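As structure tokens, the structure follows; a few thoughts come after it.
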Amino acid sequence: MKHHTHAIILAAVLLLLALASGCSTPAGGALERDWRLTVNGTTEKVITLQELRALPSVTGYGFCVSTTGARFGPYTCRGVDLREIAALAGGIGPGQQAWVSAPDGYLWVFDDDQLDGKDFVTFDENLKEIPSPPLRIILMYEQNGKPLPYDDGGPARIAIVSEQPGVITEGSAWVKWVDRIEIREG
Amino acid sequence: MLLAGTAFFSGCQAPEPVTLKVIAAGSLLYPFAEAEQEFEAGHPGVDVQVEGHGSIQVIRQVTDLHRTADVLAVADESLVPDLMYRPMEGSDRNFTDGYIPFATNEMVIVYTGKSRYHEEITSENWPDILGRPEVRVGFSNPMLDAAGYRALMVLQLAEEEYGDPELFENVISDHFPSTVRVRETGGTTVISLPEIIRPSDDHVIIRDGSIYLISLLEAGGIDYAIEYRSVAEAMNLSYISLPPSINLGSGEYAEQYRKVTVELGFPRFSTLGRERVGRPIVYAMTIPANAPHPGLAREFIDYVANESESGRPGWPAPLARGVSG
């Protein structure tokens, strides 16, 4: 009983220290509950994470590299194809672009060819360029079978995935913490 | 047991190692890897951890992504006041209020023994060689890397220097499907880029950063790349030096460089606009206001600045008086 009481006091102290230090990342539950994705095209649609998860999903291998050569992955990625999401607001047609942004002020643009998985540079695990296998751009919400952690861009980030493991793509397009997708004319 | 307890209470344990977090621009990774080893050797118990990003991302790690770092080092001094002279969230202190300009660089044309016409190219005839249709020219993505938009500035400035008004067209814009546009406005040449920078043929090849360009160059996938001189030297590559009036490495030509602006296709970062104005290349280091180890950070900065001043191979060049600004 005494041990039990000590454990509770220790847990409370640790919690207070964590809160006081202000170093905690946003709590997963609240973050997932409060997350909204705005999709703006010919119409505008706002969806929750639950609604995103209810859309048809794609699972594939994802692996990315930074501009200075730091590798992130490999991951098993699950999410929704960007074309599927664009369809919520009228779809994306030839010549149009998807402007994907996040609350940290980061923006990346994909054109309709890229939404078909074309025109990406791909590397093997030694960062040697290889011919690109078929790729898909998804809004990933699950990484390695678990909800995407905040530090990796959760609740939802862009991932470029393939059915073939070990294919690395350039990380600048892997937008973290996505909360807005706008369809624009190219 | 008693001895162990005594040692514990008397504070005789080895001191906790200190981690000095340094976030640096990609073109500084080679010199900073050397500086890391040397600084650690002179500071037992200090672990210098160097992490590389594009210069804007270096600053964003602290300002937008709320990470802590002891030293930030960027390849464009103007980014520090533009992005960091503003209050931190929930504080009346700015992210920083000053920086140390410590080195410069210049743009060069790198090549290897596999490059087409490598035995023929000189600092006089390179515009002709880079304009030949069978030659493949590479540069970094201007959206991601300062070396990318600086490459475009060099080629535009070269038109006047070499008296060839079609140089930029021949080397660059003719190889895009009408999406790279050049216009004159009030004495400035503005190079306007599309959202997706996709060449229409194999004459121009774009990659996200220097390491991919150099790897492609070494594999024979491109013939020439426009790069920093320090990168060429660090990688033991052959290069053609360019005149100071176009190489972005001389403070004396600041007015000349300012005549070219690159307008990016979209604002990748909301905190910074789409325009990049031609300026002399000046590297800068700063200590964020919330750095965990500001004293040690200052020592590291002083070490790098002093070493840089001695002009080490593979490091950006010492900053000549008057270059900054």
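Chain labels run A, B, ... following the order of the structure tokens; each chain numbers its residues from 1, and ligands are numbered from 1 in the order shown.
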
Closest pair table for chain A residues within 6 Å of chain B, only C-alpha atoms, as CSV:
residue,atom,partner,partner_atom,distance
A:Thr67,CA,B:Gly209,CA,5.0
A:Thr68,CA,B:Gly26,CA,5.7
A:Asp104,CA,B:Asp64,CA,5.9
A:Gly105,CA,B:Ser270,CA,4.7
A:Tyr106,CA,B:Phe269,CA,4.9
A:Leu107,CA,B:Arg268,CA,4.7

Contacts of range 283-299 of chain B within 6 Å, only C-alpha atoms, excl. fewer than 2 positions in-chain, as a ChimeraX atom specification: /B:69-77,95-96,99-104,301-302

Save out the residues we just selected, all heavy atoms, as a CSV table (one decimal), in the first residue's frame.
chain,number,residue,atom,x,y,z
B,69,ALA,N,18.1,25.2,-29.9
B,69,ALA,CA,19.4,25.0,-30.5
B,69,ALA,C,20.4,26.1,-29.9
B,69,ALA,O,19.9,27.1,-29.5
B,69,ALA,CB,19.4,25.2,-32.1
B,70,ASP,N,21.7,25.7,-30.0
B,70,ASP,CA,22.6,26.7,-29.4
B,70,ASP,C,23.2,27.6,-30.5
B,70,ASP,O,23.5,28.8,-30.2
B,70,ASP,CB,23.8,25.9,-28.7
B,70,ASP,CG,23.3,25.1,-27.5
B,70,ASP,OD1,22.8,25.7,-26.6
B,70,ASP,OD2,23.3,23.8,-27.6
B,71,VAL,N,23.4,27.1,-31.7
B,71,VAL,CA,24.0,27.9,-32.7
B,71,VAL,C,23.2,27.6,-34.0
B,71,VAL,O,22.9,26.4,-34.3
B,71,VAL,CB,25.5,27.5,-33.0
B,71,VAL,CG1,26.0,28.2,-34.2
B,71,VAL,CG2,26.3,27.7,-31.8
B,72,LEU,N,22.8,28.7,-34.7
B,72,LEU,CA,22.3,28.5,-36.1
B,72,LEU,C,23.3,29.1,-37.1
B,72,LEU,O,23.8,30.2,-36.8
B,72,LEU,CB,20.9,29.3,-36.2
B,72,LEU,CG,19.8,28.9,-35.2
B,72,LEU,CD1,18.6,29.7,-35.5
B,72,LEU,CD2,19.5,27.4,-35.3
B,73,ALA,N,23.5,28.5,-38.2
B,73,ALA,CA,24.5,29.0,-39.2
B,73,ALA,C,23.8,28.9,-40.5
B,73,ALA,O,23.4,27.8,-40.9
B,73,ALA,CB,25.8,28.1,-39.1
B,74,VAL,N,23.8,30.0,-41.2
B,74,VAL,CA,23.1,30.0,-42.5
B,74,VAL,C,23.9,30.6,-43.6
B,74,VAL,O,25.0,31.2,-43.4
B,74,VAL,CB,21.8,30.9,-42.4
B,74,VAL,CG1,20.8,30.3,-41.5
B,74,VAL,CG2,22.1,32.3,-41.9
B,75,ALA,N,23.5,30.3,-44.9
B,75,ALA,CA,24.3,30.7,-46.0
B,75,ALA,C,23.9,32.1,-46.6
B,75,ALA,O,24.3,32.4,-47.7
B,75,ALA,CB,24.2,29.6,-47.1
B,76,ASP,N,23.0,32.8,-45.9
B,76,ASP,CA,22.5,34.1,-46.3
B,76,ASP,C,22.2,34.9,-45.1
B,76,ASP,O,21.3,34.7,-44.4
B,76,ASP,CB,21.3,33.9,-47.2
B,76,ASP,CG,20.7,35.2,-47.7
B,76,ASP,OD1,21.1,36.3,-47.2
B,76,ASP,OD2,19.8,35.1,-48.5
B,77,GLU,N,23.1,35.9,-44.8
B,77,GLU,CA,23.0,36.6,-43.6
B,77,GLU,C,21.7,37.4,-43.5
B,77,GLU,O,21.2,37.6,-42.4
B,77,GLU,CB,24.2,37.6,-43.4
B,77,GLU,CG,24.1,38.7,-44.5
B,77,GLU,CD,25.1,39.9,-44.3
B,77,GLU,OE1,25.6,40.0,-43.1
B,77,GLU,OE2,25.4,40.6,-45.2
B,95,PHE,N,13.8,36.4,-31.0
B,95,PHE,CA,14.5,35.1,-31.2
B,95,PHE,C,16.0,35.3,-31.2
B,95,PHE,O,16.8,34.5,-30.7
B,95,PHE,CB,14.1,34.5,-32.6
B,95,PHE,CG,12.8,33.9,-32.5
B,95,PHE,CD1,11.7,34.5,-33.2
B,95,PHE,CD2,12.6,32.7,-31.8
B,95,PHE,CE1,10.4,33.9,-33.1
B,95,PHE,CE2,11.3,32.1,-31.8
B,95,PHE,CZ,10.2,32.7,-32.4
B,96,THR,N,16.5,36.5,-31.7
B,96,THR,CA,17.9,36.9,-31.6
B,96,THR,C,17.9,38.4,-31.9
B,96,THR,O,17.0,38.9,-32.5
B,96,THR,CB,18.8,36.1,-32.5
B,96,THR,OG1,20.2,36.3,-32.1
B,96,THR,CG2,18.7,36.5,-33.9
B,99,TYR,N,23.9,38.9,-35.1
B,99,TYR,CA,24.6,37.7,-35.7
B,99,TYR,C,26.0,38.1,-36.1
B,99,TYR,O,26.4,39.2,-36.1
B,99,TYR,CB,23.8,37.3,-37.0
B,99,TYR,CG,23.7,38.3,-38.1
B,99,TYR,CD1,24.7,38.3,-39.1
B,99,TYR,CD2,22.7,39.2,-38.1
B,99,TYR,CE1,24.6,39.2,-40.1
B,99,TYR,CE2,22.6,40.1,-39.2
B,99,TYR,CZ,23.6,40.1,-40.2
B,99,TYR,OH,23.5,41.0,-41.2
B,100,ILE,N,26.8,37.0,-36.4
B,100,ILE,CA,28.2,37.2,-36.8
B,100,ILE,C,28.3,36.8,-38.2
B,100,ILE,O,28.2,35.6,-38.5
B,100,ILE,CB,29.1,36.3,-35.9
B,100,ILE,CG1,28.8,36.4,-34.4
B,100,ILE,CG2,30.6,36.5,-36.3
B,100,ILE,CD1,29.4,37.7,-33.8
B,101,PRO,N,28.6,37.7,-39.1
B,101,PRO,CA,28.9,37.3,-40.5
B,101,PRO,C,30.3,36.8,-40.5
B,101,PRO,O,31.2,37.4,-39.9
B,101,PRO,CB,28.8,38.6,-41.3
B,101,PRO,CG,28.8,39.7,-40.3
B,101,PRO,CD,28.6,39.2,-38.9
B,102,PHE,N,30.6,35.6,-41.0
B,102,PHE,CA,31.9,35.0,-40.8
B,102,PHE,C,32.6,34.5,-42.1
B,102,PHE,O,33.8,34.1,-42.0
B,102,PHE,CB,31.9,33.9,-39.8
B,102,PHE,CG,31.2,32.7,-40.2
B,102,PHE,CD1,31.9,31.6,-40.6
B,102,PHE,CD2,29.8,32.6,-40.3
B,102,PHE,CE1,31.3,30.4,-41.1
B,102,PHE,CE2,29.2,31.5,-40.7
B,102,PHE,CZ,29.9,30.4,-41.1
B,103,ALA,N,31.9,34.4,-43.2
B,103,ALA,CA,32.5,33.8,-44.4
B,103,ALA,C,31.8,34.2,-45.6
B,103,ALA,O,30.6,34.6,-45.5
B,103,ALA,CB,32.6,32.3,-44.2
B,104,THR,N,32.4,34.0,-46.7
B,104,THR,CA,31.7,34.2,-48.0
B,104,THR,C,32.0,33.0,-48.9
B,104,THR,O,32.6,32.1,-48.5
B,104,THR,CB,32.2,35.5,-48.7
B,104,THR,OG1,31.4,35.7,-49.9
B,104,THR,CG2,33.7,35.5,-49.0
B,301,ILE,N,31.2,29.5,-31.9
B,301,ILE,CA,31.1,30.5,-32.9
B,301,ILE,C,32.5,31.2,-33.1
B,301,ILE,O,33.0,31.4,-34.2
B,301,ILE,CB,30.0,31.6,-32.6
B,301,ILE,CG1,28.6,31.0,-33.0
B,301,ILE,CG2,30.2,32.9,-33.3
B,301,ILE,CD1,27.5,32.0,-32.7
B,302,ASP,N,33.1,31.6,-32.0
B,302,ASP,CA,34.4,32.2,-32.1
B,302,ASP,C,35.4,31.3,-32.7
B,302,ASP,O,36.2,31.7,-33.6
B,302,ASP,CB,34.9,32.6,-30.7
B,302,ASP,CG,34.1,33.8,-30.2
B,302,ASP,OD1,33.4,34.5,-31.0
B,302,ASP,OD2,34.2,34.1,-29.0

query: Which polymer residues have any atom within 7 Å of an atom of range 181-191 of chain B, counting only C-alpha atoms, with same-chain residues fewer than 3 positions away left out, as a PyMOL selection string?
result: chain B and resi 259-263

Quick one: write out the picked residues with all heavy atoms as a PDB file, in the first residue's frame?
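The resulting file, again_30.pdb, is shown below:
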ATOM      1  N   LYS B 259      20.791  43.804 -59.283  1.00  0.00           N
ATOM      2  CA  LYS B 259      20.019  44.006 -60.525  1.00  0.00           C
ATOM      3  C   LYS B 259      19.240  42.763 -60.930  1.00  0.00           C
ATOM      4  O   LYS B 259      18.509  42.790 -61.922  1.00  0.00           O
ATOM      5  CB  LYS B 259      20.973  44.392 -61.667  1.00  0.00           C
ATOM      6  CG  LYS B 259      21.559  45.774 -61.538  1.00  0.00           C
ATOM      7  CD  LYS B 259      22.443  46.025 -62.750  1.00  0.00           C
ATOM      8  CE  LYS B 259      23.112  47.379 -62.688  1.00  0.00           C
ATOM      9  NZ  LYS B 259      24.136  47.516 -63.739  1.00  0.00           N
ATOM     10  N   VAL B 260      19.444  41.661 -60.209  1.00  0.00           N
ATOM     11  CA  VAL B 260      18.707  40.432 -60.549  1.00  0.00           C
ATOM     12  C   VAL B 260      17.901  39.943 -59.356  1.00  0.00           C
ATOM     13  O   VAL B 260      18.390  39.901 -58.234  1.00  0.00           O
ATOM     14  CB  VAL B 260      19.662  39.278 -60.969  1.00  0.00           C
ATOM     15  CG1 VAL B 260      18.868  38.045 -61.383  1.00  0.00           C
ATOM     16  CG2 VAL B 260      20.548  39.708 -62.102  1.00  0.00           C
ATOM     17  N   THR B 261      16.647  39.592 -59.646  1.00  0.00           N
ATOM     18  CA  THR B 261      15.771  39.030 -58.614  1.00  0.00           C
ATOM     19  C   THR B 261      15.179  37.736 -59.146  1.00  0.00           C
ATOM     20  O   THR B 261      14.830  37.650 -60.329  1.00  0.00           O
ATOM     21  CB  THR B 261      14.624  40.022 -58.305  1.00  0.00           C
ATOM     22  OG1 THR B 261      15.176  41.155 -57.659  1.00  0.00           O
ATOM     23  CG2 THR B 261      13.570  39.420 -57.406  1.00  0.00           C
ATOM     24  N   VAL B 262      15.092  36.740 -58.274  1.00  0.00           N
ATOM     25  CA  VAL B 262      14.383  35.510 -58.644  1.00  0.00           C
ATOM     26  C   VAL B 262      13.065  35.482 -57.878  1.00  0.00           C
ATOM     27  O   VAL B 262      13.037  35.685 -56.662  1.00  0.00           O
ATOM     28  CB  VAL B 262      15.223  34.254 -58.318  1.00  0.00           C
ATOM     29  CG1 VAL B 262      14.406  32.985 -58.534  1.00  0.00           C
ATOM     30  CG2 VAL B 262      16.485  34.219 -59.180  1.00  0.00           C
ATOM     31  N   GLU B 263      11.989  35.276 -58.624  1.00  0.00           N
ATOM     32  CA  GLU B 263      10.658  35.209 -58.018  1.00  0.00           C
ATOM     33  C   GLU B 263      10.233  33.739 -58.019  1.00  0.00           C
ATOM     34  O   GLU B 263      10.011  33.149 -59.080  1.00  0.00           O
ATOM     35  CB  GLU B 263       9.707  36.032 -58.894  1.00  0.00           C
ATOM     36  CG  GLU B 263       8.454  36.488 -58.226  1.00  0.00           C
ATOM     37  CD  GLU B 263       7.714  37.416 -59.187  1.00  0.00           C
ATOM     38  OE1 GLU B 263       7.182  36.923 -60.212  1.00  0.00           O
ATOM     39  OE2 GLU B 263       7.686  38.629 -58.933  1.00  0.00           O
TER      40      GLU B 263
END

query: Near Gly117 in chain A, counting only C-alpha atoms, which residues have an atom at most 10 Å away, once you skip same-chain residues fewer than 3 positions from it, shown as a PyMOL selection string?
result: chain A and resi 112-114+120+132-137+160-162

Please dump the current selection as an mmCIF file, in the first residue's frame; keep N, CA and C atoms.
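Done, and the output landed in again09.cif:
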data_model
loop_
_atom_site.group_PDB
_atom_site.id
_atom_site.type_symbol
_atom_site.label_atom_id
_atom_site.label_comp_id
_atom_site.auth_asym_id
_atom_site.auth_seq_id
_atom_site.Cartn_x
_atom_site.Cartn_y
_atom_site.Cartn_z
ATOM 1 N N ASP A 112 -1.083 17.932 -61.368
ATOM 2 C CA ASP A 112 -1.894 16.727 -61.578
ATOM 3 C C ASP A 112 -1.055 15.534 -62.026
ATOM 4 N N ASP A 113 0.084 15.785 -62.714
ATOM 5 C CA ASP A 113 0.973 14.671 -63.069
ATOM 6 C C ASP A 113 1.537 14.016 -61.806
ATOM 7 N N GLN A 114 1.941 14.835 -60.877
ATOM 8 C CA GLN A 114 2.506 14.289 -59.628
ATOM 9 C C GLN A 114 1.449 13.541 -58.827
ATOM 10 N N PHE A 120 8.697 12.192 -60.021
ATOM 11 C CA PHE A 120 9.449 12.265 -58.771
ATOM 12 C C PHE A 120 10.810 11.613 -58.980
ATOM 13 N N SER A 132 11.831 5.334 -61.323
ATOM 14 C CA SER A 132 10.727 5.414 -60.362
ATOM 15 C C SER A 132 9.701 4.302 -60.576
ATOM 16 N N PRO A 133 9.401 3.543 -59.528
ATOM 17 C CA PRO A 133 8.265 2.612 -59.631
ATOM 18 C C PRO A 133 6.971 3.429 -59.533
ATOM 19 N N PRO A 134 5.802 2.796 -59.733
ATOM 20 C CA PRO A 134 4.549 3.550 -59.550
ATOM 21 C C PRO A 134 4.484 4.106 -58.119
ATOM 22 N N LEU A 135 4.118 5.377 -58.016
ATOM 23 C CA LEU A 135 4.049 6.036 -56.704
ATOM 24 C C LEU A 135 2.657 6.609 -56.486
ATOM 25 N N ARG A 136 2.310 6.829 -55.247
ATOM 26 C CA ARG A 136 1.050 7.516 -54.935
ATOM 27 C C ARG A 136 1.321 8.536 -53.836
ATOM 28 N N ILE A 137 0.613 9.659 -53.908
ATOM 29 C CA ILE A 137 0.716 10.664 -52.840
ATOM 30 C C ILE A 137 -0.486 10.479 -51.933
ATOM 31 N N ILE A 160 4.797 9.898 -49.797
ATOM 32 C CA ILE A 160 4.833 9.394 -51.175
ATOM 33 C C ILE A 160 5.191 7.916 -51.080
ATOM 34 N N VAL A 161 4.269 7.068 -51.485
ATOM 35 C CA VAL A 161 4.422 5.642 -51.197
ATOM 36 C C VAL A 161 4.457 4.805 -52.471
ATOM 37 N N SER A 162 5.060 3.627 -52.312
ATOM 38 C CA SER A 162 5.063 2.680 -53.423
ATOM 39 C C SER A 162 4.775 1.284 -52.873
#

Residues of range 109-296 of chain B in strand (DSSP E), written as a ChimeraX atom specification: /B:109-111,137-140,181-185,188-192,204-207,224-228,238-240,260-263,275-277,282-286

query: Looking only at the backbone, which of the residues in range 42-200 of chain B does DSSP tag as helix (DSSP H, G or I), as number ranges by chain?
result: B: 42, 55-63, 79-84, 126-131, 146-161, 167-171, 173-175

- prompt: Just how far from CA of Ser91 in chain B is CA of Ile23 in chain B, in Å to one decimal?
  reply: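 Separating CA of Ile23 in chain B from CA of Ser91 in chain B is a distance of 22.7 Å.
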
- prompt: Counting only C-alpha atoms, what is within 10 Å of Ile205 in chain B, bar same-chain residues fewer than 3 positions away, as number ranges by chain?
  reply: B: 136-141, 175, 198-202, 213, 216, 221-222, 224-225

Would you put the residues from that selection into a file with N, CA and C atoms, as an mmCIF file, in the first residue's frame?
data_model
loop_
_atom_site.group_PDB
_atom_site.id
_atom_site.type_symbol
_atom_site.label_atom_id
_atom_site.label_comp_id
_atom_site.auth_asym_id
_atom_site.auth_seq_id
_atom_site.Cartn_x
_atom_site.Cartn_y
_atom_site.Cartn_z
ATOM 1 N N ARG B 136 24.502 18.655 -70.582
ATOM 2 C CA ARG B 136 23.501 18.637 -69.505
ATOM 3 C C ARG B 136 24.020 19.447 -68.319
ATOM 4 N N VAL B 137 23.193 20.440 -67.934
ATOM 5 C CA VAL B 137 23.586 21.386 -66.888
ATOM 6 C C VAL B 137 22.687 21.180 -65.676
ATOM 7 N N GLY B 138 23.283 21.118 -64.475
ATOM 8 C CA GLY B 138 22.477 20.895 -63.274
ATOM 9 C C GLY B 138 22.581 22.029 -62.276
ATOM 10 N N PHE B 139 21.498 22.258 -61.581
ATOM 11 C CA PHE B 139 21.532 23.177 -60.433
ATOM 12 C C PHE B 139 20.498 22.712 -59.424
ATOM 13 N N SER B 140 20.624 23.228 -58.185
ATOM 14 C CA SER B 140 19.699 22.829 -57.122
ATOM 15 C C SER B 140 18.350 23.488 -57.328
ATOM 16 N N ASN B 141 17.346 22.896 -56.727
ATOM 17 C CA ASN B 141 15.998 23.450 -56.826
ATOM 18 C C ASN B 141 15.950 24.796 -56.094
ATOM 19 N N HIS B 175 14.675 25.635 -72.216
ATOM 20 C CA HIS B 175 14.526 24.222 -71.852
ATOM 21 C C HIS B 175 13.398 23.995 -70.842
ATOM 22 N N ARG B 198 9.870 22.175 -63.885
ATOM 23 C CA ARG B 198 10.089 20.912 -64.602
ATOM 24 C C ARG B 198 10.630 21.200 -66.009
ATOM 25 N N PRO B 199 11.894 20.879 -66.266
ATOM 26 C CA PRO B 199 12.453 21.135 -67.598
ATOM 27 C C PRO B 199 11.733 20.308 -68.667
ATOM 28 N N SER B 200 11.789 20.821 -69.909
ATOM 29 C CA SER B 200 11.101 20.113 -70.991
ATOM 30 C C SER B 200 12.038 19.174 -71.737
ATOM 31 N N ASP B 201 13.337 19.225 -71.450
ATOM 32 C CA ASP B 201 14.268 18.291 -72.081
ATOM 33 C C ASP B 201 15.400 17.971 -71.102
ATOM 34 N N ASP B 202 16.388 17.209 -71.586
ATOM 35 C CA ASP B 202 17.464 16.753 -70.687
ATOM 36 C C ASP B 202 18.615 17.737 -70.559
ATOM 37 N N LEU B 213 23.176 16.620 -56.727
ATOM 38 C CA LEU B 213 23.770 17.133 -57.970
ATOM 39 C C LEU B 213 25.179 16.588 -58.146
ATOM 40 N N LEU B 216 25.194 13.007 -59.070
ATOM 41 C CA LEU B 216 24.826 12.853 -60.481
ATOM 42 C C LEU B 216 25.994 13.245 -61.387
ATOM 43 N N GLY B 221 25.777 11.699 -64.974
ATOM 44 C CA GLY B 221 24.380 12.030 -65.309
ATOM 45 C C GLY B 221 24.201 13.474 -65.727
ATOM 46 N N ILE B 222 25.123 14.329 -65.321
ATOM 47 C CA ILE B 222 25.170 15.706 -65.838
ATOM 48 C C ILE B 222 26.626 16.029 -66.156
ATOM 49 N N TYR B 224 27.854 19.494 -66.152
ATOM 50 C CA TYR B 224 28.281 20.658 -65.373
ATOM 51 C C TYR B 224 27.212 20.985 -64.330
ATOM 52 N N ALA B 225 27.663 21.503 -63.192
ATOM 53 C CA ALA B 225 26.712 21.983 -62.189
ATOM 54 C C ALA B 225 27.189 23.334 -61.686
#

- line: Among B:Phe300, B:Phe176, B:Tyr257, B:Tyr228, Met107 in chain B is approached most closely, using only C-alpha atoms, by B:Tyr228

Ala151 in chain B surroundings by only C-alpha atoms, 7 Å radius, close-in-sequence under 4 positions cut, as a list in words: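 Using only C-alpha atoms, the neighbours found are Phe139, Ala147, Leu155 and Ile226 of chain B.
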
message: Just want the 12 Å neighbourhood of Tyr162 in chain B, counted on only C-alpha atoms, with same-chain residues fewer than 2 positions away dropped. Output as an MDAnalysis selection string.
response: chainID B and resid 123:128 154:160 164:168 242:243 245:246

statement: CA of Tyr117 in chain B to CA of Glu218 in chain B measures 15.3 Å

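Atom pair CA of Asp124 in chain A / CA of Tyr75 in chain A has a distance of 14.5 Å (rounded to one decimal).
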